[in-house]
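Below is the file final-v8.tsv, which contains TSV, C-alpha atoms.
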```
chain	number	residue	atom	x	y	z
A	1	MET	CA	-2.49	-14.58	12.64
A	2	ALA	CA	-4.78	-15.36	9.71
A	3	ARG	CA	-7.41	-12.90	8.58
A	4	GLN	CA	-10.89	-13.87	9.77
A	5	PRO	CA	-14.13	-12.25	8.75
A	6	PHE	CA	-16.40	-12.08	11.77
A	7	PRO	CA	-20.14	-12.06	11.03
A	8	ASN	CA	-21.96	-9.17	12.62
A	9	SER	CA	-25.73	-9.56	12.87
A	10	GLN	CA	-26.55	-6.07	14.23
A	11	ASP	CA	-24.85	-3.82	11.63
A	12	SER	CA	-24.92	-5.56	8.26
A	13	GLU	CA	-23.86	-2.37	6.44
A	14	TYR	CA	-20.34	-2.67	7.93
A	15	ALA	CA	-17.70	-5.21	6.93
A	16	GLU	CA	-15.75	-6.42	9.96
A	17	THR	CA	-12.38	-8.19	9.92
A	18	VAL	CA	-10.50	-9.59	12.91
A	19	VAL	CA	-6.83	-8.94	12.11
A	20	ALA	CA	-5.19	-10.46	15.21
A	21	ILE	CA	-6.12	-12.14	18.47
A	22	LYS	CA	-3.51	-12.34	21.23
A	23	ARG	CA	-3.60	-14.31	24.47
A	24	THR	CA	-1.80	-13.24	27.62
A	25	ALA	CA	-1.57	-15.09	30.91
A	26	ALA	CA	-1.33	-13.81	34.48
A	27	VAL	CA	-0.04	-16.37	36.95
A	28	VAL	CA	-2.21	-16.32	40.08
A	29	LYS	CA	-2.50	-18.56	43.14
A	30	GLY	CA	-4.94	-20.96	41.44
A	31	GLY	CA	-3.00	-21.25	38.16
A	32	ARG	CA	-3.01	-19.12	35.03
A	33	ARG	CA	-5.63	-16.48	34.26
A	34	PHE	CA	-5.92	-15.87	30.52
A	35	SER	CA	-6.93	-12.63	28.88
A	36	PHE	CA	-7.43	-11.89	25.18
A	37	SER	CA	-6.95	-8.87	22.96
A	38	ALA	CA	-8.40	-8.43	19.47
A	39	LEU	CA	-7.48	-6.01	16.69
A	40	VAL	CA	-10.57	-5.37	14.55
A	41	VAL	CA	-11.01	-3.34	11.34
A	42	VAL	CA	-14.48	-2.13	10.33
A	43	GLY	CA	-15.49	-0.41	7.08
A	44	ASP	CA	-18.47	0.28	4.85
A	45	LYS	CA	-16.60	-0.52	1.58
A	46	LYS	CA	-17.54	2.99	0.36
A	47	GLY	CA	-14.56	4.96	1.65
A	48	ARG	CA	-15.11	4.84	5.43
A	49	VAL	CA	-12.87	2.70	7.63
A	50	GLY	CA	-11.74	2.46	11.28
A	51	PHE	CA	-9.88	0.12	13.60
A	52	GLY	CA	-10.29	-0.81	17.24
A	53	TYR	CA	-8.45	-2.76	19.91
A	54	GLY	CA	-10.50	-4.65	22.50
A	55	LYS	CA	-9.31	-6.51	25.57
A	56	ALA	CA	-11.33	-8.95	27.70
A	57	ARG	CA	-11.27	-12.31	29.50
A	58	GLU	CA	-13.09	-13.96	26.54
A	59	VAL	CA	-12.35	-13.80	22.81
A	60	ALA	CA	-15.90	-12.89	21.73
A	61	GLU	CA	-16.06	-10.01	24.21
A	62	ALA	CA	-12.65	-8.69	23.09
A	63	ILE	CA	-13.83	-8.76	19.44
A	64	ARG	CA	-17.07	-6.97	20.36
A	65	LYS	CA	-15.16	-4.23	22.21
A	66	GLY	CA	-12.69	-3.84	19.34
A	67	SER	CA	-15.55	-3.61	16.84
A	68	ALA	CA	-17.37	-0.97	18.92
A	69	GLU	CA	-14.19	1.15	19.14
A	70	ALA	CA	-13.57	0.75	15.39
A	71	LYS	CA	-17.07	2.03	14.56
A	72	LYS	CA	-16.50	5.09	16.78
A	73	LYS	CA	-13.15	5.85	15.11
A	74	MET	CA	-14.31	5.49	11.48
A	75	VAL	CA	-12.92	8.08	9.06
A	76	LYS	CA	-13.63	8.99	5.42
A	77	ILE	CA	-10.76	8.47	2.98
A	78	PRO	CA	-10.42	10.01	-0.50
A	79	MET	CA	-10.64	7.57	-3.43
A	80	ARG	CA	-10.36	7.82	-7.20
A	81	ASP	CA	-12.64	5.21	-8.80
A	82	ASP	CA	-11.65	2.00	-6.98
A	83	THR	CA	-8.08	2.95	-6.01
A	84	ILE	CA	-6.28	5.82	-4.25
A	85	PRO	CA	-5.55	9.24	-5.82
A	86	HIS	CA	-1.74	9.06	-5.56
A	87	GLU	CA	1.23	7.15	-4.16
A	88	ILE	CA	1.97	7.71	-0.46
A	89	VAL	CA	3.96	6.26	2.45
A	90	GLY	CA	2.16	5.76	5.77
A	91	LYS	CA	4.33	5.77	8.88
A	92	PHE	CA	3.88	4.56	12.43
A	93	GLY	CA	6.70	3.63	14.77
A	94	ALA	CA	9.23	1.45	12.91
A	95	THR	CA	6.66	0.54	10.23
A	96	ARG	CA	6.48	2.13	6.79
A	97	VAL	CA	3.66	1.12	4.40
A	98	LYS	CA	3.98	2.25	0.79
A	99	LEU	CA	0.58	2.53	-0.94
A	100	ILE	CA	0.64	2.61	-4.75
A	101	PRO	CA	-2.47	3.14	-6.92
A	102	ALA	CA	-3.07	0.33	-9.43
A	103	GLY	CA	-5.01	-0.14	-12.63
A	104	PRO	CA	-8.29	-2.04	-12.98
A	105	GLY	CA	-8.01	-5.80	-12.45
A	106	THR	CA	-4.93	-5.64	-10.22
A	107	GLY	CA	-6.70	-6.47	-6.96
A	108	VAL	CA	-5.46	-5.77	-3.44
A	109	ILE	CA	-1.81	-6.81	-3.30
A	110	ALA	CA	-1.14	-6.55	0.45
A	111	GLY	CA	-0.44	-8.53	3.60
A	112	ALA	CA	-3.20	-9.55	5.99
A	113	ALA	CA	-3.20	-6.41	8.19
A	114	ALA	CA	-3.01	-3.87	5.35
A	115	ARG	CA	-5.49	-5.91	3.26
A	116	ALA	CA	-8.06	-5.74	6.09
A	117	VAL	CA	-7.90	-1.92	6.17
A	118	LEU	CA	-7.86	-1.43	2.38
A	119	GLY	CA	-10.54	-4.05	1.65
A	120	ASN	CA	-12.94	-2.73	4.28
A	121	ALA	CA	-12.40	0.80	2.97
A	122	GLY	CA	-13.61	-0.32	-0.45
A	123	ILE	CA	-10.30	-0.03	-2.29
A	124	VAL	CA	-10.25	-2.74	-4.98
A	125	ASN	CA	-6.99	-2.09	-6.89
A	126	ILE	CA	-3.81	-1.20	-4.96
A	127	LEU	CA	-0.22	-2.31	-4.45
A	128	THR	CA	1.45	-2.14	-1.02
A	129	LYS	CA	4.84	-2.84	0.49
A	130	VAL	CA	5.61	-2.94	4.21
A	131	HIS	CA	9.10	-1.92	5.34
A	132	GLY	CA	10.37	-2.25	8.90
A	133	SER	CA	8.22	-3.78	11.64
A	134	THR	CA	5.46	-6.15	10.52
A	135	ASN	CA	3.61	-6.05	13.84
A	136	PRO	CA	-0.11	-6.15	12.80
A	137	MET	CA	-1.08	-3.22	15.06
A	138	ASN	CA	1.70	-1.03	13.64
A	139	VAL	CA	0.89	-2.05	10.04
A	140	VAL	CA	-2.80	-1.14	10.54
A	141	LYS	CA	-1.86	2.24	12.09
A	142	ALA	CA	0.70	2.99	9.34
A	143	THR	CA	-1.83	2.07	6.62
A	144	MET	CA	-4.44	4.34	8.24
A	145	ASN	CA	-1.83	7.13	8.48
A	146	GLY	CA	-1.15	6.82	4.75
A	147	LEU	CA	-4.86	6.82	3.87
A	148	LEU	CA	-5.53	9.86	6.08
A	149	ASN	CA	-2.72	11.83	4.38
A	150	LEU	CA	-4.17	11.28	0.88
A	151	ARG	CA	-5.39	14.39	-0.94
A	152	THR	CA	-7.67	14.69	-3.97
A	153	ARG	CA	-6.96	17.06	-6.85
A	154	GLU	CA	-9.66	19.41	-5.62
A	155	GLN	CA	-8.26	19.51	-2.06
A	156	VAL	CA	-4.74	20.33	-3.31
A	157	ALA	CA	-6.07	23.04	-5.65
A	158	LYS	CA	-8.03	24.62	-2.79
A	159	LEU	CA	-4.98	24.53	-0.48
A	160	ARG	CA	-2.82	26.20	-3.13
A	161	GLY	CA	-5.54	28.67	-4.07
A	162	VAL	CA	-5.56	27.75	-7.76
A	163	LYS	CA	-8.32	26.77	-10.14
A	164	ILE	CA	-8.35	23.41	-11.94
```

Output the structure of this file as C-alpha cells.
Amino acid sequence: MARQPFPNSQDSEYAETVVAIKRTAAVVKGGRRFSFSALVVVGDKKGRVGFGYGKAREVAEAIRKGSAEAKKKMVKIPMRDDTIPHEIVGKFGATRVKLIPAGPGTGVIAGAAARAVLGNAGIVNILTKVHGSTNPMNVVKATMNGLLNLRTREQVAKLRGVKI
C-alpha cells in the first residue's frame, strides 16, 4: 500500500505516516461485516520514533488507535549528524533490514515501510536493503529492531570500560 501522510491537528510536533491499511470481512447473516486495521508510524524527526497497530470498524478510528499506540511506544534512537552511527542488520521473523549510513545528499533510499520509520525518526541520509519477507508490519519491526540495537561511540566505550 502507498505511503500516506495523515494530518494530525492535535499534536503538530509529531509526524505521522500511515504505512498500511488492511480490510477484513466477516460473513454474517445480513452479509459481510468489514473491519479495518492500520499500521501507523509516528516520530518527532529529532531521533524519537514509534509504531502502532490499530483495528476498528472504520478506517479513521483504526488510524487514530494506531497513532495513539505509536505515541505510547516512542523510543529514542542514536544518530550521528543526519544518519546512523554504524551499519547494522535489523531482524524480525523472516525479514532482515540492512541499514547503512550514507553521506550528505544521499537521501533516504528505502521502501515505503522502512522509509516511514527512518523519515519520521529524522534520519535524512541512509541506505537500506530488505531481505526475506516484505510484509510491511515485519519490515517496520525489523527496522525498529535495527535502530534500537545501534550504539554510539560513547556507549560502546562505557560498556568496554575504556576512555575515548

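The smallest atom-to-atom distance between Ile21 (chain A) and any of A:Leu159, A:Pro101, A:Ala70, A:Met137, using all atoms listed in the file, is found for A:Met137.
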
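From CA of Thr128 (chain A) back to CA of Phe92 (chain A), the distance works out to 15.2 Å.
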
Within 12 Å of Ser37 (chain A), counting only C-alpha atoms, which residues qualify if same-chain residues fewer than 3 places away don't, as a PDB file with C-alpha atoms, keeping the file's coordinate frame?
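Produced file part_38.pdb, reproduced below:
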```pdb
ATOM      1  CA  VAL A  18     -10.500  -9.590  12.910  1.00  0.00           C
ATOM      2  CA  VAL A  19      -6.830  -8.940  12.110  1.00  0.00           C
ATOM      3  CA  ALA A  20      -5.190 -10.460  15.210  1.00  0.00           C
ATOM      4  CA  ILE A  21      -6.120 -12.140  18.470  1.00  0.00           C
ATOM      5  CA  LYS A  22      -3.510 -12.340  21.230  1.00  0.00           C
ATOM      6  CA  ARG A  23      -3.600 -14.310  24.470  1.00  0.00           C
ATOM      7  CA  THR A  24      -1.800 -13.240  27.620  1.00  0.00           C
ATOM      8  CA  ALA A  25      -1.570 -15.090  30.910  1.00  0.00           C
ATOM      9  CA  PHE A  34      -5.920 -15.870  30.520  1.00  0.00           C
ATOM     10  CA  VAL A  40     -10.570  -5.370  14.550  1.00  0.00           C
ATOM     11  CA  GLY A  52     -10.290  -0.810  17.240  1.00  0.00           C
ATOM     12  CA  TYR A  53      -8.450  -2.760  19.910  1.00  0.00           C
ATOM     13  CA  GLY A  54     -10.500  -4.650  22.500  1.00  0.00           C
ATOM     14  CA  LYS A  55      -9.310  -6.510  25.570  1.00  0.00           C
ATOM     15  CA  ALA A  56     -11.330  -8.950  27.700  1.00  0.00           C
ATOM     16  CA  ARG A  57     -11.270 -12.310  29.500  1.00  0.00           C
ATOM     17  CA  GLU A  58     -13.090 -13.960  26.540  1.00  0.00           C
ATOM     18  CA  VAL A  59     -12.350 -13.800  22.810  1.00  0.00           C
ATOM     19  CA  ALA A  60     -15.900 -12.890  21.730  1.00  0.00           C
ATOM     20  CA  GLU A  61     -16.060 -10.010  24.210  1.00  0.00           C
ATOM     21  CA  ALA A  62     -12.650  -8.690  23.090  1.00  0.00           C
ATOM     22  CA  ILE A  63     -13.830  -8.760  19.440  1.00  0.00           C
ATOM     23  CA  ARG A  64     -17.070  -6.970  20.360  1.00  0.00           C
ATOM     24  CA  LYS A  65     -15.160  -4.230  22.210  1.00  0.00           C
ATOM     25  CA  GLY A  66     -12.690  -3.840  19.340  1.00  0.00           C
ATOM     26  CA  SER A  67     -15.550  -3.610  16.840  1.00  0.00           C
ATOM     27  CA  MET A 137      -1.080  -3.220  15.060  1.00  0.00           C
TER      28      MET A 137
END
```

### Task
Return the single residue from A:Ala112, A:Val42, A:Leu148, A:Ala121 that is closest to Lys91 (chain A), with distances computed using all atoms listed in the file.
A:Leu148

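Distance annotation: of A:Val89, A:Leu147, A:Ala102, A:Val97, the residue with the minimal separation from Asn135 (chain A) is A:Val97; atom set is only C-alpha atoms.
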
Please tabulate, as a Markdown table, the residues of region 27-106 of chain A that come within 10 Å of region 142-145 of chain A, each with its closest pair of atoms and the distance in Å to one decimal, counting only C-alpha atoms and ordering rows by chain, then residue number upward.
```
| residue | atom | partner | partner_atom | distance |
| --- | --- | --- | --- | --- |
| A:Val49 | CA | A:Met144 | CA | 8.6 |
| A:Gly50 | CA | A:Met144 | CA | 8.1 |
| A:Phe51 | CA | A:Met144 | CA | 8.7 |
| A:Val75 | CA | A:Met144 | CA | 9.3 |
| A:Ile77 | CA | A:Met144 | CA | 9.2 |
| A:Ile88 | CA | A:Asn145 | CA | 9.7 |
| A:Val89 | CA | A:Thr143 | CA | 8.3 |
| A:Gly90 | CA | A:Ala142 | CA | 4.7 |
| A:Lys91 | CA | A:Ala142 | CA | 4.6 |
| A:Phe92 | CA | A:Ala142 | CA | 4.7 |
| A:Gly93 | CA | A:Ala142 | CA | 8.1 |
| A:Ala94 | CA | A:Ala142 | CA | 9.4 |
| A:Thr95 | CA | A:Ala142 | CA | 6.5 |
| A:Arg96 | CA | A:Ala142 | CA | 6.4 |
| A:Val97 | CA | A:Thr143 | CA | 6.0 |
| A:Lys98 | CA | A:Thr143 | CA | 8.2 |
| A:Leu99 | CA | A:Thr143 | CA | 7.9 |
```

### Message
Taking (-8.3, 7.9, -2.6) in the coordinates of the supplied file, I want to know which residues reach to within 9 Å of it, counting all atoms listed in the file; could you give the answer as a VMD selection string?
### Response
chain A and resid 47 77 to 86 101 123 147 150 to 152

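Interatomic distance, CA of Lys76 (chain A) to CA of Gly132 (chain A): 26.7 Å.
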
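The space between CA of Tyr14 (chain A) and CA of Gly107 (chain A) spans 20.5 Å.
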
#### Entry: Using all atoms listed in the file: which of A:Ile100, A:Val41, A:Ala26, A:Ala114 has the shortest distance to Asn138 (chain A)
A:Ala114

Taking all atoms of region 30-46 of chain A that the file lists, what box with edges along x, y and z, padded by 8 Å per side, do you get, with centre and edge lengths in Å to one decimal, as AutoDock Vina command-line options?
```
--center_x -10.7 --center_y -9.1 --center_z 20.9 --size_x 31.5 --size_y 40.2 --size_z 57.1
```
